[in-house]
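Undergrad: Dumping the structure here so I can ask a few things about it.
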Amino acid sequence: MTMEMLSKMVFGTLSFLSVEAVQQQSDIYYHEKPVLGPSMWHFNPDGLAIFAPNGDLLKQHPKKMVCPSYKAQDGSPSNECYYYAYASDGHQYVWAGSMAGDHHVQAFDIDTGDYAGYLDTCSTPLDMEYHPVRREMFVRCAQEDTTGGSPGEIDVFSSASLSSDIPMVSFNATRRPYGRLAIHSSMGPYGYSLAYDQNYITEMDLSSKSVSAEYEIPDAYGGYDTTYSPVNQHLFFRARVCCTCNSTDADVESCGRGPGSLVMVKTGPSKSDQEQIGVCSGGCEGTRADIGVVEFDTVNKVFIDTHNIKEGTGWGADPVASPDGKWIVLLPNDGGQNVRILQAGINGASSGSSIRDIPMDFEGGTPGKTVVSDVAFIQDENREILIVGASTDNNVVLVNLKTFSTHKLNLVPGVAESTGGGARNMEWAVGTDYVWVNGGESMEAYVLKITGEIKSASVDRTLTGVAAGNMLFVNNYERMRAAAMAQGIANTANTVKVSANPTMPSESSTSVSSNTMSSANVTGDTPTSSETDVLSIVAIIFGVLGLVSGLGALALVMNQKNTAAALSAPPKSDVEEACTQSLGSKLVN
């Protein structure tokens with residue numbers, strides 16, 4: 001290769017780099033697309049609104065753009081969105097299960113919030129879980145939709161390609177098996193599903209997309225609300241049971257909409273080996289037949305224990321896990337008196353030895369009913385806080401999980417009626433001081449700021465005109481990791497530069513040349529002047545390319561720093577730890 005040819009290569013490369021920013025419109029998108037950064041996504045009947053953690057509106061998708069018109073149950077036209085399940089994959093898309101008209105899964109770009117498109121799915125998508133190792137999103141539906149091309153209850157989508165056609169998991173159930181899903185990287189190539197009317201846990205082989213095993217739940221009619229702890233690799237789920245009805249001494253006086261039917265009651269004081277008039281599943285939640293939460297070991301495939309709530313306050317609870325799986329919180333059917341906290345122990349051992357009951361004293365609740373509908377966790381280098389909200393009053397209770405002390409905060413002082421509506425949803429903006437709490441009844445959202453421990457909490461901002469909906473904190477953790485790596489490289493380069501002797505550059509150059517020649521002499525080849533020029537020019541090319549890559553990495557670092565500064569919260573000192581955390585403020589299915 002002649003020097004003239006190499007010179008053309010160098011100038012060609014430089015020319016390419018100098019005009020790289022002048023591209024066609026589709027290419028400009030990748031160079032100039034605005035990155036939302038850490039953000040709170042609010043899925044609601046009016047569409048999707050994306051906010052900065054402090055409450056500033058960043059982007060909005062009106063319902064006419066994301067939810068096409070359809071006929072409501074009463075036959076009238078509607079285009080209101082109906083989101084029930086939603087999840088982020090942490091690097092590519094934010095996914096949402098839509099039941100507005102045709103049932104499908106919508107995908108939004110995690111960086112820009114742009115609506116990438118929708119994918120048809122099975123009937124009534126209830127739950128979504130992402131498997132980061134497989135890079136697949138699993139969707140739990142209530143029923144297969146064979147005529148619509150969805151012959152299964154578990155649908156699977158790839159974050160690598162929205163057009164991938166991945167086989168579904170079929171339970172061979174034609175009825176509507178409403179249920180939940182548990183998927184986690186620590187489970188390996190397996191996942192678990194439960195249904196309200198099936199008395200077994202279904203184990204799924206995620207590789208073959210088939211049912212691999214079933215484990216019968218003792219004394220249960222089915223299972224529903226589910227969470228998982230990677231600490232001990234145990235599954236926690238609410239058992240569904242059968243109970244008696246339609247008499248003064250029955251477990252529940254009313255049989256609901258019908259007269260009841262003959263059922264086998266296996267738990268509580270009405271337990272019998274003979275069939276009795278009763279009901280099963282949701283109608284028995286909170287009754288004396290309710291056995292509470294079942295703990296299942298996914299490693300040894302055995303049932304470990306059952307956990308109920310504080311004696312004398314009621315029966316039954318829904319389980320929620322902290323992002324790291326250390327804490328399991330039971331949301332009880334006790335009218336708002338307490339929450340029960342378990343700490344995950346070792347694999348194969350019951351978590352019951354760590355039980356703590358934390359007083360909540362929420363007002364307006366009905367005995368036997370669930371008042372606490374959601375919680376949020378703050379877990380960082382300095383804090384471990386649980387925030388609990390109720391649908392019946394306007395208080396939230398903050399719990400210091402290191403001391404178990406509590407602090408109560410009124411969201412709207414002076415307002416007697418609860419703004420929570422049917423449920424009080426909560427979400428921590430991970431890595432910041434902000435926790436979001438919805439007030440769907442009054443079309444409000446409350447942005448709490450917690451700068452230190454629990455008594456530092458205050459309502460920093462109240463947003464109005466916010467429809468009741470579901471909140472999800474979103475961050476591109478893959479981008480965050482790349483920024484951390486770039487920062488590490490920059491720090492290493494600075495260290496090397498400082499340690500070098502700045503007064504003797506010629507000696508450094510001589511040393512490098514001498515080492516190069518010594519290496520060449522060992523092999524018996526001495527580079528010529530022309531070859532040395534070739535190496536120099538190649539080095540220039542790689543240096544230029546490295547400069548461009550470095551500037552890109554530096555931009556990532558600066559974007560991360562600017563985002564942290566804007567939120568008044570410093571970036572995490574250990575980004576590797578941050579990247580292993582849950583994508584939200586709790587693990588709940």
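Scheme for the structure tokens: letters A, B, ... for chains in order shown; per-chain residue numbers from 1; ligand numbers from 1 in order shown.
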If we count only C-alpha atoms and set the cut-off at 12 Å, which residues sit around Tyr434 (chain A), ignoring sequence neighbours fewer than 4 positions away in its own chain? Please answer as JSON, numbers by chain.
TA: {"A": [38, 39, 40, 51, 52, 53, 54, 55, 376, 377, 378, 387, 426, 427, 428, 429, 430, 446, 447, 448, 449, 450, 451, 452, 456, 457, 458, 459, 460, 461, 473, 567, 568, 569, 585]}
Undergrad: Which of region 368-481 of chain A end up as alpha helix (DSSP H) when DSSP is run on this backbone - answer as a VMD selection string?
TA: chain A and resid 477 to 481
Undergrad: Could you state the separation of CA of Thr146 (chain A) and CA of Asp120 (chain A) in Å, given to one decimal place?
TA: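 That distance, rounded to one decimal, is 11.8 Å.
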Undergrad: Using only C-alpha atoms for the distances, tell me which of A:Asp393, A:Glu311, A:Asp380, A:Asp197 is nearest to Gly336 (chain A).
TA: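 Going through A:Asp393, A:Glu311, A:Asp380, A:Asp197 one by one, the smallest distance to Gly336 (chain A) is for A:Asp393.
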Undergrad: Pick out each residue of region 66-133 of chain A that DSSP on the backbone tags as strand (DSSP E or B); I need them as a compact mmCIF listing (two decimals) with N, CA and C atoms, in the first residue's frame.
TA:
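out-v7.txt, written as the output of this step:
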# COMPACT_ATOMS: atom_id res chain seq x y z
N TYR A 70 -63.37 1.92 19.74
CA TYR A 70 -63.94 0.58 19.84
C TYR A 70 -65.31 0.70 20.51
N LYS A 71 -66.06 -0.38 20.50
CA LYS A 71 -67.36 -0.40 21.14
C LYS A 71 -67.22 -0.85 22.58
N PRO A 77 -69.65 3.99 21.43
CA PRO A 77 -68.27 4.13 20.97
C PRO A 77 -67.38 4.70 22.06
N SER A 78 -66.14 4.25 22.11
CA SER A 78 -65.19 4.72 23.11
C SER A 78 -63.78 4.63 22.56
N TYR A 83 -55.39 0.13 30.40
CA TYR A 83 -54.12 -0.55 30.69
C TYR A 83 -54.24 -1.29 32.02
N TYR A 84 -53.81 -2.54 32.03
CA TYR A 84 -53.83 -3.30 33.27
C TYR A 84 -52.43 -3.80 33.64
N ALA A 85 -51.63 -4.17 32.66
CA ALA A 85 -50.27 -4.66 32.90
C ALA A 85 -49.28 -3.77 32.16
N TYR A 86 -48.12 -3.59 32.76
CA TYR A 86 -47.09 -2.73 32.16
C TYR A 86 -45.75 -3.10 32.77
N ALA A 87 -44.67 -2.92 32.01
CA ALA A 87 -43.33 -3.28 32.50
C ALA A 87 -42.28 -2.66 31.58
N SER A 88 -41.08 -2.46 32.12
CA SER A 88 -39.94 -1.98 31.34
C SER A 88 -38.92 -3.10 31.22
N TYR A 93 -37.37 -1.11 25.45
CA TYR A 93 -38.77 -0.72 25.34
C TYR A 93 -39.45 -0.67 26.72
N VAL A 94 -40.54 0.09 26.76
CA VAL A 94 -41.51 0.02 27.84
C VAL A 94 -42.76 -0.61 27.24
N TRP A 95 -43.29 -1.64 27.91
CA TRP A 95 -44.37 -2.44 27.36
C TRP A 95 -45.64 -2.22 28.18
N ALA A 96 -46.78 -2.24 27.52
CA ALA A 96 -48.06 -2.06 28.21
C ALA A 96 -49.11 -2.95 27.57
N GLY A 97 -49.84 -3.71 28.41
CA GLY A 97 -50.92 -4.54 27.91
C GLY A 97 -52.19 -3.72 27.80
N SER A 98 -52.73 -3.62 26.62
CA SER A 98 -53.92 -2.80 26.36
C SER A 98 -55.14 -3.70 26.14
N HIS A 104 -53.96 -6.20 22.92
CA HIS A 104 -52.62 -6.25 22.36
C HIS A 104 -51.62 -5.65 23.34
N VAL A 105 -50.35 -5.78 23.00
CA VAL A 105 -49.27 -5.22 23.81
C VAL A 105 -48.64 -4.07 23.03
N GLN A 106 -48.53 -2.92 23.67
CA GLN A 106 -47.92 -1.75 23.04
C GLN A 106 -46.46 -1.64 23.49
N ALA A 107 -45.62 -1.17 22.59
CA ALA A 107 -44.19 -1.00 22.88
C ALA A 107 -43.80 0.45 22.63
N PHE A 108 -43.11 1.06 23.62
CA PHE A 108 -42.65 2.44 23.52
C PHE A 108 -41.13 2.48 23.69
N ASP A 109 -40.48 3.33 22.91
CA ASP A 109 -39.03 3.47 23.02
C ASP A 109 -38.65 3.97 24.41
N TYR A 115 -43.93 5.94 20.41
CA TYR A 115 -44.77 4.75 20.29
C TYR A 115 -44.27 3.93 19.11
N ALA A 116 -43.66 2.76 19.41
CA ALA A 116 -43.07 1.94 18.36
C ALA A 116 -44.12 1.11 17.64
N GLY A 117 -45.19 0.73 18.34
CA GLY A 117 -46.23 -0.06 17.70
C GLY A 117 -46.85 -1.04 18.67
N TYR A 118 -47.78 -1.84 18.16
CA TYR A 118 -48.48 -2.81 19.00
C TYR A 118 -48.33 -4.20 18.42
N LEU A 119 -48.54 -5.19 19.28
CA LEU A 119 -48.47 -6.59 18.88
C LEU A 119 -49.70 -7.30 19.42
N ASP A 120 -50.37 -8.06 18.57
CA ASP A 120 -51.55 -8.81 19.01
C ASP A 120 -51.14 -9.84 20.05
N SER A 123 -56.08 -13.17 25.08
CA SER A 123 -57.20 -12.41 25.62
C SER A 123 -56.95 -11.98 27.06
N THR A 124 -57.15 -10.70 27.34
CA THR A 124 -57.05 -10.11 28.68
C THR A 124 -55.65 -10.24 29.27
N PRO A 125 -54.68 -9.47 28.78
CA PRO A 125 -53.33 -9.49 29.36
C PRO A 125 -53.34 -8.92 30.78
N LEU A 126 -53.00 -9.78 31.77
CA LEU A 126 -53.11 -9.42 33.17
C LEU A 126 -51.79 -9.06 33.82
N ASP A 127 -50.70 -9.62 33.33
CA ASP A 127 -49.43 -9.51 34.04
C ASP A 127 -48.29 -9.57 33.03
N MET A 128 -47.17 -8.89 33.36
CA MET A 128 -46.01 -8.88 32.48
C MET A 128 -44.74 -8.99 33.32
N GLU A 129 -43.81 -9.83 32.86
CA GLU A 129 -42.52 -9.97 33.53
C GLU A 129 -41.43 -10.12 32.48
N TYR A 130 -40.30 -9.41 32.70
CA TYR A 130 -39.20 -9.44 31.74
C TYR A 130 -38.08 -10.34 32.26
N HIS A 131 -37.52 -11.15 31.36
CA HIS A 131 -36.38 -12.00 31.68
C HIS A 131 -35.14 -11.37 31.04
Undergrad: Please identify every residue of region 135-207 of chain A that has at least one atom no farther than 7 Å from an atom of region 216-225 of chain A, counting only C-alpha atoms, and for each give the shortest atom pair and the distance in Å to one decimal, arranged by chain then increasing number, as CSV.
TA:
residue,atom,partner,partner_atom,distance
A:Gly179,CA,A:Tyr224,CA,5.4
A:Arg180,CA,A:Tyr224,CA,5.9
A:Leu194,CA,A:Gly223,CA,5.4
A:Ala195,CA,A:Gly223,CA,5.5
A:Tyr196,CA,A:Gly222,CA,4.6
A:Asp197,CA,A:Gly222,CA,4.7
A:Gln198,CA,A:Gly222,CA,4.5
A:Asn199,CA,A:Gly222,CA,4.2
A:Tyr200,CA,A:Glu216,CA,4.0
A:Ile201,CA,A:Glu216,CA,6.4
Undergrad: Please, could you write that set of residues out with N, CA and C atoms as a short mmCIF file (atom, residue, chain, number, x, y, z; two decimals), in the first residue's frame?
TA:
data_model
loop_
_atom_site.label_atom_id
_atom_site.label_comp_id
_atom_site.auth_asym_id
_atom_site.auth_seq_id
_atom_site.Cartn_x
_atom_site.Cartn_y
_atom_site.Cartn_z
N GLY A 179 -54.99 -15.25 36.41
CA GLY A 179 -53.87 -15.62 37.26
C GLY A 179 -52.70 -14.67 37.11
N ARG A 180 -51.60 -15.06 37.76
CA ARG A 180 -50.41 -14.22 37.80
C ARG A 180 -49.19 -15.00 37.32
N LEU A 194 -49.86 -18.99 38.29
CA LEU A 194 -50.96 -19.45 39.13
C LEU A 194 -52.28 -18.98 38.55
N ALA A 195 -53.34 -19.67 38.91
CA ALA A 195 -54.67 -19.30 38.45
C ALA A 195 -55.64 -19.39 39.63
N TYR A 196 -56.63 -18.53 39.63
CA TYR A 196 -57.54 -18.42 40.77
C TYR A 196 -58.38 -19.68 40.97
N ASP A 197 -58.54 -20.50 39.94
CA ASP A 197 -59.40 -21.68 40.04
C ASP A 197 -58.65 -22.98 39.74
N GLN A 198 -57.34 -22.96 39.89
CA GLN A 198 -56.53 -24.17 39.68
C GLN A 198 -55.69 -24.40 40.93
N ASN A 199 -55.81 -25.57 41.56
CA ASN A 199 -55.16 -25.81 42.85
C ASN A 199 -53.72 -26.31 42.69
N TYR A 200 -53.00 -25.75 41.73
CA TYR A 200 -51.61 -26.13 41.54
C TYR A 200 -50.81 -24.98 40.95
N ILE A 201 -49.51 -25.03 41.16
CA ILE A 201 -48.58 -24.10 40.52
C ILE A 201 -48.15 -24.72 39.20
#
Undergrad: Do a neighbour search on Cys284 (chain A) at 9 Å with only C-alpha atoms, toss out local chain neighbours closer than 6 positions, and write the hits as a PyMOL selection string.
TA: chain A and resi 240-244+251-252+290
Undergrad: Near Cys81 (chain A), within 6 Å and counting only C-alpha atoms, which residues show up once chain neighbours fewer than 2 positions away are dropped, as a list in words?
TA: Pro45, Gly47, Cys67 and Ala100 of chain A
